[in-house]
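Colleague: The following file, entry_17.txt, comprises compact mmCIF, C-alpha atoms:
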```txt
# COMPACT_ATOMS: atom_id res chain seq x y z
CA MET J 28 193.03 106.97 248.80
CA ILE J 29 195.06 105.54 245.91
CA LEU J 30 192.08 103.38 244.83
CA THR J 31 189.72 106.35 245.05
CA ALA J 32 191.97 108.54 242.89
CA ALA J 33 192.33 105.76 240.31
CA GLY J 34 188.52 105.40 240.09
CA VAL J 35 188.02 109.10 239.52
CA LEU J 36 190.69 109.13 236.78
CA PHE J 37 189.03 106.13 234.99
CA CYS J 38 185.64 107.87 234.95
CA LEU J 39 187.13 111.05 233.52
CA VAL J 40 188.90 109.14 230.69
CA THR J 41 185.74 107.17 229.85
CA ALA J 42 183.62 110.31 229.58
CA MET J 43 186.07 111.91 227.18
CA LEU J 44 185.96 109.00 224.62
CA PRO J 45 183.66 109.61 221.47
CA GLY J 46 180.38 107.66 221.55
CA PRO J 47 177.96 106.46 218.72
CA LYS J 48 175.42 108.97 217.33
CA SER J 49 171.79 108.57 218.17
CA ARG J 50 169.44 107.00 215.46
CA ALA J 51 167.50 110.25 215.32
CA GLY J 52 170.61 112.21 214.46
CA ALA J 53 171.74 109.67 211.85
CA GLY J 54 168.31 109.72 210.21
CA ALA J 55 168.34 113.52 209.98
CA ASP J 56 171.77 113.50 208.33
CA ALA J 57 170.67 110.83 205.83
CA ALA J 58 167.52 112.76 204.99
CA ALA J 59 169.60 115.87 204.35
CA ASP J 60 171.88 113.89 202.02
CA VAL J 61 168.86 112.64 199.99
CA ALA J 62 167.03 115.97 199.95
CA ALA J 63 169.92 117.93 198.51
CA PRO J 64 169.85 116.43 194.98
CA ALA J 65 166.05 116.68 194.86
CA ALA J 66 166.18 120.37 195.70
CA THR J 67 168.74 120.91 192.96
CA LEU J 68 166.48 119.24 190.35
CA ALA J 69 163.44 121.17 191.45
CA GLY J 70 165.24 124.45 191.02
CA ALA J 71 166.60 123.62 187.56
CA THR J 72 164.93 125.16 184.50
CA PRO J 73 164.77 122.76 181.51
CA SER J 74 166.08 124.16 178.25
CA ALA J 75 163.84 124.34 175.20
CA PRO J 76 164.05 121.14 173.13
CA THR J 77 166.20 121.45 170.02
CA SER J 78 165.85 117.90 168.73
CA PRO J 79 163.00 115.46 168.06
CA ALA J 80 161.32 113.88 171.07
CA PRO J 81 163.09 110.75 172.40
CA PRO J 82 161.62 107.28 171.93
CA ALA J 83 158.91 106.25 174.33
CA ASN J 84 161.17 103.79 176.13
CA SER J 85 163.90 106.35 176.87
CA HIS J 86 164.39 107.97 180.25
CA ALA J 87 163.67 111.41 178.84
CA ALA J 88 160.20 110.24 177.90
CA ALA J 89 159.40 109.60 181.57
CA THR J 90 158.82 113.28 182.29
CA PRO J 91 156.43 113.95 185.20
CA SER J 92 152.95 114.98 184.08
CA ALA J 93 153.25 118.34 185.83
CA ALA J 94 156.25 119.25 183.71
CA VAL J 95 154.40 118.31 180.52
CA ALA J 96 151.44 120.44 181.52
CA THR J 97 153.69 123.42 182.11
CA THR J 98 155.34 123.07 178.71
CA THR J 99 151.98 122.84 176.98
CA ALA J 100 150.63 125.91 178.71
CA GLU J 101 153.63 127.96 177.62
CA THR J 102 153.36 126.99 173.91
CA PRO J 103 151.98 129.95 171.90
CA ARG J 104 148.53 129.36 170.46
CA PRO J 105 147.61 130.22 166.86
CA SER J 106 145.94 133.59 166.42
CA ALA J 107 142.31 133.76 165.42
CA LYS J 108 143.19 134.31 161.77
CA GLU J 109 145.84 131.64 161.40
CA THR J 110 145.41 128.10 160.12
CA PRO J 111 146.23 125.55 162.84
CA PRO J 112 149.37 123.45 162.30
CA ALA J 113 149.06 120.44 160.02
CA ALA J 114 149.22 118.08 163.00
CA SER J 115 145.97 119.49 164.42
CA THR J 116 143.98 119.72 161.20
CA PRO J 117 141.21 117.17 160.72
CA ALA J 118 141.31 114.39 158.16
CA PRO J 119 140.20 115.20 154.59
CA SER J 120 136.42 115.27 154.26
CA ALA J 121 135.74 115.03 150.55
CA GLY J 122 132.31 113.83 149.45
CA ARG J 123 131.57 112.01 146.21
CA ILE J 124 134.02 114.19 144.26
CA GLN J 125 137.48 113.08 145.32
CA PRO J 126 140.67 115.03 144.56
CA GLY J 127 143.04 113.28 142.16
CA THR J 128 140.25 111.25 140.54
CA THR J 129 139.15 111.38 136.90
CA TYR J 130 135.44 110.94 136.16
CA LYS J 131 133.69 109.98 132.93
CA GLY J 132 130.41 111.40 131.74
CA VAL J 133 128.78 113.54 129.12
CA ALA J 134 128.56 117.28 128.62
CA THR J 135 125.41 119.08 127.60
CA ALA J 136 124.68 122.82 127.37
CA TYR J 137 122.22 125.30 128.88
CA ALA J 138 121.55 129.03 128.65
CA ALA J 139 123.23 130.35 131.81
CA GLY J 140 121.80 133.86 131.64
CA ASP J 141 123.61 136.11 134.13
CA GLY J 142 125.43 133.15 135.66
CA ASN J 143 123.36 132.78 138.82
CA GLY J 144 122.18 129.30 139.76
CA ALA J 145 121.17 126.92 142.52
CA CYS J 146 124.34 127.75 144.50
CA LEU J 147 123.02 131.34 144.84
CA PHE J 148 126.40 132.97 144.29
CA GLY J 149 124.66 135.68 142.26
CA PRO J 150 125.41 137.05 138.78
CA SER J 151 128.84 136.31 137.33
CA ASP J 152 130.92 138.19 134.78
CA ASN J 153 132.73 134.96 133.92
CA LEU J 154 130.36 132.49 132.27
CA MET J 155 132.82 129.61 132.20
CA ILE J 156 130.49 127.82 134.58
CA ALA J 157 128.57 124.56 134.82
CA ALA J 158 125.71 122.78 136.56
CA MET J 159 126.60 119.55 138.36
CA ASN J 160 124.29 116.54 138.17
CA THR J 161 122.17 116.08 141.32
CA THR J 162 124.05 112.98 142.49
CA ASP J 163 127.47 114.63 142.41
CA TYR J 164 126.03 118.01 143.44
CA GLU J 165 125.43 116.28 146.76
CA SER J 166 123.11 118.84 148.34
CA SER J 167 125.30 121.83 147.30
CA ARG J 168 128.56 120.23 148.43
CA ALA J 169 129.97 120.74 144.92
CA CYS J 170 129.13 124.47 144.88
CA GLY J 171 132.14 126.61 144.01
CA ALA J 172 134.29 123.67 142.91
CA TYR J 173 136.64 124.24 139.98
CA VAL J 174 136.60 121.40 137.46
CA ARG J 175 138.87 120.64 134.50
CA VAL J 176 136.77 119.24 131.63
CA ARG J 177 138.38 117.41 128.71
CA ALA J 178 136.71 116.42 125.44
CA ALA J 179 137.59 113.39 123.30
CA ASN J 180 139.41 115.68 120.85
CA GLY J 181 141.87 116.67 123.60
CA THR J 182 140.48 120.18 124.16
CA SER J 183 140.08 121.13 127.83
CA ILE J 184 138.51 123.97 129.79
CA THR J 185 138.12 124.96 133.44
CA VAL J 186 134.66 125.73 134.78
CA ARG J 187 133.25 126.59 138.19
CA ILE J 188 130.19 124.80 139.55
CA THR J 189 127.43 127.32 140.23
CA ASN J 190 124.29 125.33 139.50
CA GLU J 191 122.57 121.95 139.81
CA CYS J 192 121.44 119.80 136.90
CA PRO J 193 118.42 117.77 138.10
CA LEU J 194 117.33 114.39 136.78
CA PRO J 195 117.54 113.05 134.14
CA CYS J 196 121.13 114.35 134.42
CA ALA J 197 123.12 111.21 135.24
CA PRO J 198 126.08 110.83 137.60
CA GLY J 199 129.19 112.19 135.90
CA GLN J 200 127.21 114.55 133.68
CA LEU J 201 128.02 118.27 133.48
CA ASP J 202 125.59 120.77 132.00
CA LEU J 203 127.92 123.47 130.72
CA SER J 204 126.99 127.04 129.93
CA GLU J 205 126.61 127.53 126.20
CA GLN J 206 129.78 129.65 126.28
CA ALA J 207 131.77 126.88 127.97
CA PHE J 208 130.42 124.13 125.72
CA ALA J 209 131.42 126.12 122.62
CA GLU J 210 135.04 126.09 123.86
CA LEU J 211 135.03 122.29 123.76
CA ALA J 212 133.01 121.41 120.66
CA ASP J 213 130.56 122.63 118.06
CA PRO J 214 127.37 123.68 119.90
CA LYS J 215 125.35 121.86 117.24
CA LEU J 216 126.52 118.55 118.69
CA GLY J 217 124.58 119.25 121.89
CA ARG J 218 126.04 116.27 123.76
CA ILE J 219 129.61 114.96 123.88
CA PRO J 220 131.59 112.44 125.97
CA ILE J 221 133.97 114.00 128.49
CA THR J 222 136.27 113.29 131.39
CA TRP J 223 136.65 115.71 134.28
CA SER J 224 138.51 116.14 137.57
CA LEU J 225 138.63 118.49 140.52
CA LEU J 226 141.07 121.41 140.49
CA SER J 227 142.62 123.64 143.15
CA PRO J 228 143.60 126.57 140.92
CA HIS J 229 145.21 129.93 141.49
CA VAL J 230 142.64 132.49 142.61
CA SER J 231 143.08 136.15 143.40
CA GLY J 232 141.89 137.50 146.70
CA ALA J 233 140.46 136.03 149.88
CA LEU J 234 137.16 134.27 150.40
CA SER J 235 134.08 136.18 151.55
CA ILE J 236 131.19 135.54 153.93
CA ARG J 237 127.56 136.44 153.27
CA TYR J 238 124.57 136.23 155.61
CA LYS J 239 121.28 135.32 154.03
CA THR J 240 118.49 137.84 153.69
CA GLY J 241 116.41 137.78 156.89
CA SER J 242 119.33 136.77 159.12
CA SER J 243 119.22 138.07 162.70
CA PRO J 244 120.60 137.17 166.15
CA HIS J 245 117.72 134.64 166.34
CA TRP J 246 118.21 132.87 162.98
CA CYS J 247 120.79 133.10 160.26
CA GLY J 248 122.09 131.49 157.10
CA ILE J 249 125.81 131.73 156.26
CA GLN J 250 127.36 131.33 152.82
CA VAL J 251 131.03 131.11 151.80
CA ILE J 252 131.98 132.80 148.50
CA ASP J 253 135.08 132.86 146.28
CA HIS J 254 136.74 129.86 147.91
CA ARG J 255 139.52 128.03 146.07
CA ASN J 256 138.49 124.55 147.22
CA PRO J 257 135.02 123.12 147.90
CA VAL J 258 133.79 123.77 151.44
CA ALA J 259 133.14 120.64 153.51
CA ARG J 260 131.73 122.20 156.69
CA LEU J 261 131.18 125.42 158.59
CA GLU J 262 131.17 125.83 162.37
CA VAL J 263 130.26 128.79 164.55
CA ARG J 264 131.61 129.59 167.99
CA THR J 265 128.99 129.51 170.74
CA GLU J 266 129.15 129.67 174.53
CA LYS J 267 129.47 125.88 174.54
CA GLY J 268 132.25 125.77 171.94
CA TRP J 269 132.35 125.12 168.21
CA ARG J 270 129.06 124.06 166.66
CA ARG J 271 128.74 122.54 163.19
CA LEU J 272 125.89 123.95 161.09
CA PRO J 273 123.78 121.89 158.67
CA ARG J 274 124.02 122.77 154.98
CA THR J 275 121.05 123.33 152.70
CA ASP J 276 120.78 122.34 149.03
CA TYR J 277 120.80 126.06 148.19
CA ASN J 278 124.32 126.46 149.64
CA TYR J 279 123.76 128.15 153.00
CA PHE J 280 124.70 126.84 156.44
CA LEU J 281 121.82 127.44 158.86
CA SER J 282 121.69 128.28 162.56
CA ALA J 283 118.01 127.76 163.32
CA ASP J 284 118.18 129.24 166.84
CA GLY J 285 120.67 132.03 166.15
CA GLY J 286 123.53 130.38 168.01
CA GLY J 287 126.84 131.77 166.75
CA CYS J 288 125.24 134.25 164.34
CA GLY J 289 127.48 137.28 163.97
CA GLY J 290 130.40 135.63 165.77
CA ALA J 291 133.56 133.76 164.84
CA MET J 292 133.31 130.89 162.41
CA ARG J 293 135.55 128.05 161.29
CA ILE J 294 135.49 126.87 157.67
CA THR J 295 136.94 123.54 156.52
CA ASP J 296 137.64 122.52 152.91
CA ILE J 297 137.57 119.00 151.46
CA TYR J 298 141.32 118.64 152.09
CA GLY J 299 140.82 119.16 155.83
CA GLU J 300 142.31 122.67 156.05
CA GLN J 301 140.58 124.92 158.58
CA LEU J 302 140.31 128.70 158.34
CA THR J 303 139.05 130.75 161.27
CA VAL J 304 137.25 134.03 160.60
CA ASP J 305 136.16 136.54 163.24
CA GLY J 306 134.87 140.08 163.31
CA THR J 307 132.17 139.43 160.70
CA ALA J 308 129.15 141.68 161.13
CA LEU J 309 125.63 140.26 160.97
CA LEU J 310 124.70 142.14 157.77
CA PRO J 311 122.21 140.29 155.55
CA ASN J 312 122.96 139.99 151.84
CA VAL J 313 126.37 141.70 152.05
CA ALA J 314 129.52 139.94 150.82
CA GLN J 315 132.16 140.59 153.48
CA PRO J 316 135.75 139.88 152.40
CA THR J 317 138.01 138.08 154.85
CA ARG J 318 141.80 137.87 155.07
CA VAL J 319 142.08 134.14 154.45
CA GLN J 320 142.01 131.69 151.56
CA PHE J 321 142.49 127.93 151.27
CA ALA J 322 145.84 126.63 150.11
CA ALA J 323 146.36 125.30 146.58
CA HIS J 324 146.72 121.54 146.05
```
Re-express the file's structure as structure tokens.
Modeller:
Amino acid sequence: MILTAAGVLFCLVTAMLPGPKSRAGAGADAAADVAAPAATLAGATPSAPTSPAPPANSHAAATPSAAVATTTAETPRPSAKETPPAASTPAPSAGRIQPGTTYKGVATAYAAGDGNGACLFGPSDNLMIAAMNTTDYESSRACGAYVRVRAANGTSITVRITNECPLPCAPGQLDLSEQAFAELADPKLGRIPITWSLLSPHVSGALSIRYKTGSSPHWCGIQVIDHRNPVARLEVRTEKGWRRLPRTDYNYFLSADGGGCGGAMRITDIYGEQLTVDGTALLPNVAQPTRVQFAAH
């Protein structure tokens, strides 16, 4: 009896002692300990950056791609009439005439009439204009450029390129209107040595857009007028995105199949600045003012 009672008491004491946890229970507790910090990070909202981005080898640079995508999507986009930030503008696209360069040549004179010329800007009240030699005219690329012309006697004038001077006009030569030539030297001289350089002067008002006579939704020519800096290219928005139009030697950009005619367009000057214009009606031979103008340089 005594041995039986002692055995029962030993079993009861053994059952009451704490035992080791099962591996399944330990794993669940460990998982909970690891998951808690992760849940805290996932629920945190990053503050907007107030300092420059960290170096590429820093920990902050190792941001998951999903977080980067979210930040990009939330960044406001420029409106249709704004110039994109400098970081997104293309590289300068000057042709033969480079900003900040002085060229040597000769100046001659011609009767400019009402001021119209190969650039097809139309009559001009201001006859301080010139025709650019064919080489530097570069298939109308020089149209609308403002040029500072200086004679050997130190006198200088500013003229706008509205015409082309064909061969035998040599590279560097400017054929000035008779009015412009007379500001530099005695018209009787007929031909004088000069230097000249590109300008980006103050201009009043915004640039304008004009569709060529005969333009329609099936074919159109587009011209830029009253621009401060020479135009390097013109693109139109189509269903497939921006499309660059070829330029003619008579200063129109052509869409041979009508793509983009009457829609938004993007104009780039030789410094690489882009201006976006929308809401332009497809009205042939009508100068339509915009709200934008290239920056001075």
Colleague: Using only C-alpha atoms, pick whichever of J:Gln250, J:Asn256, J:Thr128, J:Asn180 has the shortest atom-to-atom distance to Pro273 (chain J).
Modeller: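 Smallest distance to Pro273 (chain J) is found for J:Gln250.
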Colleague: If we count only C-alpha atoms and set the cut-off at 8 Å, which residues sit around Tyr279 (chain J), ignoring sequence neighbours fewer than 6 positions away in its own chain? Please answer as a list in words.
Modeller: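 Returned residues: Lys239, Gly248, Ile249, Gln250 and Val251 of chain J.
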Colleague: Go ahead and compute the interatomic distance for CA of Gly268 (chain J) and CA of Asp284 (chain J), in Å to one decimal.
Modeller: 15.4 Å
Colleague: Would you work out the distance separating CA of Tyr137 (chain J) from CA of Gln125 (chain J), expressed in Å to one decimal?
Modeller: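 Distance between the two atoms: 25.5 Å.
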Colleague: What is the CA of Asp141 (chain J) to CA of Ile188 (chain J) distance in Å?
Modeller: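 That distance, rounded to one decimal, is 14.2 Å.
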Colleague: Using only C-alpha atoms for the distances, tell me which of J:Ala291, J:Ala169, J:Ser227, J:Glu266 is nearest to Gln320 (chain J).
Modeller: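 Ranked by minimum distance to Gln320 (chain J), first place goes to J:Ser227.
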Colleague: Excluding same-chain residues fewer than 3 positions from Gln206 (chain J), what lies within 7 Å of it counting only C-alpha atoms, as a ChimeraX atom specification?
Modeller: /J:154-155,209-210
Colleague: Which neighbours of Gly144 (chain J) fall inside 12 Å, counting all atoms listed in the file, when residues of the same chain fewer than 4 positions from it are skipped, and could you give them as a ChimeraX atom specification?
Modeller: /J:137-140,148-151,154,156-159,167,170-171,187-192,204,276-278
Colleague: Nearest to Glu300 (chain J): which of J:Lys215, J:Lys267, J:Arg255, J:Arg318 is it, counting only C-alpha atoms?
Modeller: J:Arg255
Colleague: When distances are computed from all atoms listed in the file, which of J:Pro198, J:Gly287, J:Gly306, J:Gly232 shows the smallest separation from Phe321 (chain J)?
Modeller: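 Closest to Phe321 (chain J) of all the choices is J:Gly232.
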Colleague: Between J:Ala179, J:Val174, J:Val258, J:Ala134, which has the minimum distance to Gly217 (chain J) (counting only C-alpha atoms)?
Modeller: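 The shortest atom-to-atom distance to Gly217 (chain J) comes from J:Ala134.
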Colleague: I'd like to know which of J:Tyr130, J:Tyr298, J:Phe280, J:Trp223 is closest to Cys247 (chain J), using only C-alpha atoms.
Modeller: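 The shortest atom-to-atom distance to Cys247 (chain J) comes from J:Phe280.
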Colleague: Compile the contact shell of Cys288 (chain J) as a VMD selection string: residues with an atom at most 12 Å away, counting all atoms listed in the file, same-chain residues fewer than 5 positions apart removed.
Modeller: chain J and resid 237 to 239 242 to 249 262 to 266 270 272 280 to 283 305 to 311
